[in-house]
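Q: The file below is coords_35.tsv, TSV, C-alpha atoms:
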chain	number	residue	atom	x	y	z
A	6	MET	CA	21.64	-225.92	-22.22
A	7	ARG	CA	21.13	-222.23	-22.92
A	8	ILE	CA	18.47	-220.01	-21.35
A	9	LEU	CA	17.34	-216.40	-21.54
A	10	PHE	CA	16.92	-214.72	-18.14
A	11	VAL	CA	14.95	-211.44	-18.09
A	12	GLU	CA	15.32	-209.58	-14.77
A	13	ASP	CA	15.61	-205.84	-14.09
A	14	ASP	CA	17.14	-206.11	-10.58
A	15	ALA	CA	20.90	-206.06	-11.21
A	16	ILE	CA	21.82	-207.75	-7.92
A	17	ALA	CA	19.30	-210.56	-8.31
A	18	ARG	CA	20.22	-210.94	-11.97
A	19	GLU	CA	23.93	-211.38	-11.22
A	20	TYR	CA	23.36	-213.74	-8.28
A	21	ILE	CA	20.99	-216.02	-10.20
A	22	GLN	CA	23.13	-215.95	-13.35
A	23	GLN	CA	26.21	-217.04	-11.41
A	24	GLY	CA	24.27	-219.80	-9.67
A	25	LEU	CA	22.88	-221.15	-12.92
A	26	GLU	CA	26.25	-221.07	-14.65
A	27	LYS	CA	27.76	-223.07	-11.76
A	28	SER	CA	25.15	-225.69	-12.64
A	29	LYS	CA	26.45	-225.67	-16.24
A	30	ILE	CA	23.52	-223.69	-17.65
A	31	ALA	CA	24.59	-221.04	-20.17
A	32	VAL	CA	22.70	-217.80	-19.48
A	33	ASP	CA	21.96	-214.78	-21.65
A	34	VAL	CA	20.60	-211.93	-19.53
A	35	ALA	CA	18.26	-209.08	-20.40
A	36	PRO	CA	17.50	-206.16	-18.04
A	37	ASP	CA	14.19	-205.17	-19.62
A	38	VAL	CA	11.30	-206.19	-21.86
A	39	ALA	CA	12.76	-204.60	-24.99
A	40	THR	CA	16.08	-206.47	-24.75
A	41	GLY	CA	14.35	-209.70	-23.75
A	42	SER	CA	12.03	-209.53	-26.74
A	43	GLU	CA	14.90	-208.87	-29.15
A	44	LEU	CA	16.96	-211.79	-27.83
A	45	ALA	CA	14.04	-214.20	-27.66
A	46	THR	CA	13.08	-213.52	-31.28
A	47	THR	CA	16.59	-213.62	-32.74
A	48	GLN	CA	18.26	-216.40	-30.72
A	49	ILE	CA	17.32	-219.97	-29.86
A	50	TYR	CA	16.95	-220.96	-26.21
A	51	ASP	CA	16.01	-224.11	-24.34
A	52	VAL	CA	14.07	-222.18	-21.67
A	53	LEU	CA	12.96	-218.60	-20.99
A	54	VAL	CA	13.09	-217.43	-17.35
A	55	LEU	CA	11.06	-214.24	-16.97
A	56	ASP	CA	10.58	-211.95	-14.01
A	57	VAL	CA	6.99	-210.73	-13.91
A	58	MET	CA	7.48	-207.14	-12.73
A	59	LEU	CA	9.91	-205.30	-14.99
A	60	ALA	CA	10.79	-201.62	-15.21
A	61	ASP	CA	9.47	-201.16	-18.76
A	62	GLY	CA	6.57	-203.62	-18.64
A	63	ASP	CA	5.87	-207.09	-17.32
A	64	GLY	CA	6.84	-210.65	-18.12
A	65	PHE	CA	3.23	-211.69	-18.78
A	66	ALA	CA	2.88	-209.24	-21.65
A	67	LEU	CA	6.35	-210.13	-22.96
A	68	LEU	CA	5.55	-213.84	-23.16
A	69	GLN	CA	2.12	-213.21	-24.64
A	70	ASP	CA	3.72	-211.22	-27.46
A	71	LEU	CA	6.35	-213.94	-28.00
A	72	ARG	CA	3.68	-216.63	-28.23
A	73	LEU	CA	1.74	-214.55	-30.76
A	74	SER	CA	4.91	-214.26	-32.86
A	75	GLY	CA	5.33	-218.04	-32.88
A	76	ILE	CA	8.00	-218.47	-30.19
A	77	GLN	CA	7.11	-221.68	-28.32
A	78	THR	CA	10.18	-221.99	-26.08
A	79	PRO	CA	9.19	-223.27	-22.59
A	80	ALA	CA	8.86	-220.36	-20.14
A	81	LEU	CA	9.14	-220.11	-16.37
A	82	PHE	CA	7.96	-217.04	-14.47
A	83	LEU	CA	9.68	-215.71	-11.34
A	84	SER	CA	7.74	-213.29	-9.16
A	85	ALA	CA	7.12	-212.01	-5.67
A	86	ARG	CA	3.44	-212.18	-6.66
A	87	GLY	CA	2.63	-215.73	-5.64
A	88	ALA	CA	-1.15	-215.63	-5.37
A	89	VAL	CA	-3.17	-218.27	-7.18
A	90	ALA	CA	-4.61	-215.63	-9.52
A	91	ASP	CA	-1.09	-214.59	-10.57
A	92	ARG	CA	-0.05	-218.17	-11.26
A	93	VAL	CA	-3.20	-218.77	-13.28
A	94	GLN	CA	-2.55	-215.64	-15.31
A	95	GLY	CA	0.99	-216.80	-16.02
A	96	LEU	CA	-0.30	-220.09	-17.39
A	97	LYS	CA	-3.02	-218.40	-19.43
A	98	VAL	CA	-0.53	-216.18	-21.31
A	99	GLY	CA	1.53	-219.23	-22.30
A	100	GLY	CA	3.78	-219.91	-19.32
A	101	ASP	CA	4.82	-223.47	-18.47
A	102	ASP	CA	5.83	-222.97	-14.83
A	103	TYR	CA	5.67	-220.34	-12.09
A	104	LEU	CA	8.09	-220.03	-9.16
A	105	PRO	CA	7.24	-217.51	-6.43
A	106	LYS	CA	9.99	-215.54	-4.70
A	107	PRO	CA	11.84	-216.22	-2.48
A	108	PHE	CA	12.99	-219.57	-3.82
A	109	ALA	CA	15.93	-221.95	-3.47
A	110	LEU	CA	18.38	-221.80	-6.37
A	111	ALA	CA	18.44	-225.61	-6.47
A	112	GLU	CA	14.68	-225.64	-7.13
A	113	LEU	CA	15.05	-223.12	-9.96
A	114	VAL	CA	17.77	-225.26	-11.55
A	115	ALA	CA	15.61	-228.39	-11.26
A	116	ARG	CA	12.59	-226.66	-12.81
A	117	ILE	CA	14.68	-225.30	-15.71
A	118	GLN	CA	16.14	-228.74	-16.37
A	119	ALA	CA	12.67	-230.31	-16.32
A	120	LEU	CA	11.34	-227.77	-18.85
A	121	ALA	CA	14.37	-228.28	-21.10
A	122	ARG	CA	13.89	-232.06	-21.06
A	123	ARG	CA	10.22	-231.63	-21.90
A	124	ARG	CA	11.08	-229.48	-24.90
A	125	TRP	CA	13.34	-232.16	-26.38
A	126	GLU	CA	11.07	-235.13	-25.71
A	127	LEU	CA	8.95	-236.65	-28.46
A	128	PRO	CA	6.10	-239.13	-27.99
A	129	ALA	CA	7.16	-242.73	-28.62
A	130	GLY	CA	7.23	-243.63	-32.28
A	131	GLU	CA	7.42	-240.07	-33.63
A	132	LYS	CA	10.19	-239.02	-36.00
A	133	LEU	CA	11.87	-235.81	-37.12
A	134	ARG	CA	11.56	-234.97	-40.80
A	135	VAL	CA	12.47	-232.34	-43.37
A	136	ALA	CA	12.03	-232.85	-47.12
A	137	ASP	CA	12.94	-236.53	-47.77
A	138	LEU	CA	15.22	-236.74	-44.71
A	139	GLU	CA	13.88	-238.74	-41.75
A	140	MET	CA	15.40	-239.30	-38.29
A	141	ASP	CA	14.10	-242.14	-36.11
A	142	LEU	CA	15.18	-241.16	-32.59
A	143	GLY	CA	14.33	-244.49	-30.99
A	144	ALA	CA	16.37	-246.50	-33.47
A	145	ARG	CA	18.97	-243.71	-33.93
A	146	ARG	CA	18.55	-244.18	-37.65
A	147	VAL	CA	18.64	-241.58	-40.44
A	148	THR	CA	17.45	-242.04	-44.00
A	149	ARG	CA	17.19	-239.78	-47.00
A	150	ALA	CA	14.98	-240.71	-49.94
A	151	GLY	CA	14.81	-244.15	-48.34
A	152	ARG	CA	18.58	-244.60	-48.28
A	153	LEU	CA	20.29	-245.24	-44.94
A	154	ILE	CA	22.72	-242.46	-43.92
A	155	ASP	CA	25.55	-243.79	-41.75
A	156	LEU	CA	26.34	-241.18	-39.07
A	157	SER	CA	28.69	-241.19	-36.11
A	158	PRO	CA	27.13	-240.48	-32.67
A	159	ARG	CA	28.40	-236.86	-32.83
A	160	GLN	CA	26.98	-236.35	-36.31
A	161	PHE	CA	23.64	-237.83	-35.25
A	162	ASP	CA	23.42	-235.47	-32.26
A	163	LEU	CA	24.41	-232.52	-34.43
A	164	LEU	CA	21.77	-233.34	-37.03
A	165	GLU	CA	19.17	-233.83	-34.29
A	166	CYS	CA	19.85	-230.33	-32.94
A	167	LEU	CA	19.51	-228.85	-36.44
A	168	LEU	CA	16.32	-230.83	-37.13
A	169	ARG	CA	14.68	-229.75	-33.89
A	170	ASN	CA	15.39	-226.14	-34.85
A	171	GLN	CA	14.76	-226.49	-38.58
A	172	SER	CA	14.24	-223.24	-40.47
A	173	HIS	CA	15.92	-221.37	-37.59
A	174	ALA	CA	19.58	-220.35	-37.63
A	175	VAL	CA	21.53	-222.15	-34.89
A	176	SER	CA	24.74	-220.61	-33.62
A	177	ARG	CA	28.02	-222.50	-33.46
A	178	SER	CA	28.06	-222.00	-29.69
A	179	MET	CA	24.60	-223.55	-29.28
A	180	LEU	CA	25.56	-226.52	-31.44
A	181	THR	CA	28.73	-226.95	-29.41
A	182	GLU	CA	26.84	-226.89	-26.10
A	183	ASN	CA	24.22	-229.38	-27.31
A	184	VAL	CA	26.64	-231.83	-28.92
A	185	TRP	CA	29.82	-231.58	-26.83
A	186	GLY	CA	28.45	-230.05	-23.64
A	187	HIS	CA	28.93	-226.82	-21.73
A	188	GLY	CA	32.60	-225.90	-21.31
A	189	PHE	CA	33.85	-227.32	-24.63
A	190	GLU	CA	36.01	-224.86	-26.55
A	191	SER	CA	33.47	-223.32	-28.92
A	192	ARG	CA	36.13	-221.51	-30.92
A	193	SER	CA	37.56	-224.78	-32.25
A	194	ASN	CA	36.61	-225.91	-35.75
A	195	ALA	CA	35.00	-229.16	-34.51
A	196	ILE	CA	31.50	-228.02	-35.51
A	197	ASP	CA	32.61	-226.99	-39.00
A	198	VAL	CA	34.39	-230.31	-39.50
A	199	GLN	CA	31.31	-232.31	-38.49
A	200	ILE	CA	29.04	-230.13	-40.64
A	201	ASN	CA	31.25	-230.91	-43.63
A	202	TYR	CA	30.88	-234.64	-42.89
A	203	LEU	CA	27.10	-234.23	-42.66
A	204	ARG	CA	27.00	-232.45	-46.02
A	205	ARG	CA	29.01	-235.19	-47.69
A	206	LYS	CA	26.77	-237.91	-46.30
A	207	MET	CA	23.28	-236.39	-46.58
A	208	ASP	CA	23.52	-233.53	-49.08
A	209	ARG	CA	26.18	-234.28	-51.69
A	210	ASP	CA	24.18	-236.90	-53.60
A	211	PHE	CA	20.73	-235.42	-52.97
A	212	GLU	CA	18.57	-232.45	-53.89
A	213	PRO	CA	17.60	-230.08	-52.47
A	214	LYS	CA	20.57	-229.28	-50.24
A	215	LEU	CA	19.39	-228.99	-46.66
A	216	VAL	CA	22.34	-227.69	-44.61
A	217	HIS	CA	23.08	-224.01	-45.19
A	218	THR	CA	25.69	-221.69	-43.69
A	219	VAL	CA	24.66	-218.51	-41.91
A	220	LYS	CA	27.83	-216.48	-42.33
A	221	GLY	CA	29.42	-215.29	-39.12
A	222	PHE	CA	26.84	-217.12	-36.99
A	223	GLY	CA	26.27	-220.82	-37.59
A	224	TYR	CA	24.04	-223.08	-39.66
A	225	ILE	CA	20.42	-223.67	-40.62
A	226	LEU	CA	18.69	-226.87	-41.75
A	227	GLU	CA	16.01	-225.94	-44.24
A	228	ASP	CA	14.27	-227.19	-47.37
A	229	ARG	CA	14.61	-224.24	-49.73
A	230	GLY	CA	13.07	-226.17	-52.58
A	231	SER	CA	15.88	-225.71	-55.10
A	232	PRO	CA	19.58	-226.43	-55.41
A	233	CYS	CA	21.96	-224.01	-53.68
A	234	ASP	CA	23.77	-221.55	-55.88
A	235	GLY	CA	27.45	-222.36	-55.64
A	236	PRO	CA	29.46	-223.77	-52.75
A	237	GLU	CA	28.80	-222.63	-49.18
A	238	GLU	CA	31.28	-221.58	-46.53
A	239	ALA	CA	32.37	-224.43	-44.24
What would the structure in this file look like if it were written as structure tokens?

A:
Amino acid sequence: MRILFVEDDAIAREYIQQGLEKSKIAVDVAPDVATGSELATTQIYDVLVLDVMLADGDGFALLQDLRLSGIQTPALFLSARGAVADRVQGLKVGGDDYLPKPFALAELVARIQALARRRWELPAGEKLRVADLEMDLGARRVTRAGRLIDLSPRQFDLLECLLRNQSHAVSRSMLTENVWGHGFESRSNAIDVQINYLRRKMDRDFEPKLVHTVKGFGYILEDRGSPCDGPEEA
């Protein structure tokens, strides 16, 4: 799991970051609204944790702008302002949870984990699709143009992560964390090897190609509507 934590108090930021990382939550930190906005709009996170009162603005306005730009990542507000009116405002601007300060680190971890689970859950019977590719999560079954695609458990999990983030570039480190878990050596070529297997199984004999390389970053699953020009980097 990977979160974005926006907090302008350096001491609180370091303490909370260390606590979350001990709970195997990867944390990107931002000290202000400007940095938080840039990261939230260019990276993919499971949860956003936003302090309300920031030196260059406030978390409410930051999340409102993110929601208007199409970012729907679950968001949790942290604030010393714990009045009912503040909590209501947080929900109105698009927040999913609100934790007043002071709080127990264990409660913060539990709330983050709950929001992350909610993001990945689908109602029973729903499927993930792009172009003629379909993933049935309940049956753990993948088809393309009606043909069954035989995937290993790792390849299925990798494809699921790409499908859930379709049309968004996903970094190698995020894929590693979601498929192998936090702490796996992200510099290994395991992701590239499995991506190559996916391409052979679900792209080689089909058009359009769906798995594309984002050089120096990772991969994107996207229906671009036409065959790719030339081979892509592994």

Q: Excluding region 164-168 of chain A and any residue of its chain fewer than 4 positions from it, enumerate the residues within 12 Å of it, using only C-alpha atoms, and give them as an MDAnalysis selection string.

A: chainID A and resid 6 49:51 124:126 132:136 138:142 145:148 154 156:160 172:177 179:185 196 199:204 206:207 215:218 223:228

Q: One decimal, Å: what's the distance from CA of Tyr103 (chain A) over to CA of Arg86 (chain A), could you say?

A: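 Result for CA of Tyr103 (chain A) versus CA of Arg86 (chain A): 10.1 Å, one decimal.
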
Q: Please identify every residue of region 61-177 of chain A that has at least one atom no farther than 10 Å from an atom of region 29-40 of chain A, counting only C-alpha atoms, and for each give the shortest atom pair and the distance in Å to one decimal, arranged by chain then increasing number, as CSV.

A:
residue,atom,partner,partner_atom,distance
A:Asp61,CA,A:Val38,CA,6.2
A:Gly62,CA,A:Val38,CA,6.3
A:Asp63,CA,A:Val38,CA,7.1
A:Gly64,CA,A:Val38,CA,7.3
A:Ala66,CA,A:Val38,CA,9.0
A:Leu67,CA,A:Val38,CA,6.4
A:Leu68,CA,A:Val38,CA,9.7
A:Val114,CA,A:Ile30,CA,8.5
A:Ile117,CA,A:Ile30,CA,9.2
A:Gln118,CA,A:Ile30,CA,9.0

Q: For the selection just defined, write its residues with C-alpha atoms to a file, as a tab-separated table (two decimals), keeping the file's coordinate frame.

A:
chain	number	residue	atom	x	y	z
A	61	ASP	CA	9.47	-201.16	-18.76
A	62	GLY	CA	6.57	-203.62	-18.64
A	63	ASP	CA	5.87	-207.09	-17.32
A	64	GLY	CA	6.84	-210.65	-18.12
A	66	ALA	CA	2.88	-209.24	-21.65
A	67	LEU	CA	6.35	-210.13	-22.96
A	68	LEU	CA	5.55	-213.84	-23.16
A	114	VAL	CA	17.77	-225.26	-11.55
A	117	ILE	CA	14.68	-225.30	-15.71
A	118	GLN	CA	16.14	-228.74	-16.37

Q: From the list A:Asp56, A:Asp155, A:Glu26, A:Asp137, which residue is nearest Asp14 (chain A) when using all atoms listed in the file?

A: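 Counting all atoms listed in the file, the residue closest to Asp14 (chain A) is A:Asp56.
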
Q: For CA of Arg72 (chain A) and CA of Gly41 (chain A), determine how far apart the two atoms are, in Å to one decimal place.

A: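 These two atoms are separated by 13.5 Å.
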
Q: In Å, rounded to a single decimal, give me how far CA of Ala109 (chain A) is from CA of Lys27 (chain A).

A: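 Computing it gives 14.5 Å between the two atoms.
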
Q: Considering all atoms listed in the file, can you say which of A:Pro79, A:Arg149, A:Val54, A:Ala17 comes closest to Asp208 (chain A)?

A: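 Closest to Asp208 (chain A) of all the choices is A:Arg149.
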
Q: In terms of the shortest atom-to-atom distance over all atoms listed in the file, which of A:Ile76, A:Glu112, A:Leu81, A:Asp70 is closest to Gly24 (chain A)?

A: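 Looking only at the distances to Gly24 (chain A), the closest residue turns out to be A:Glu112.
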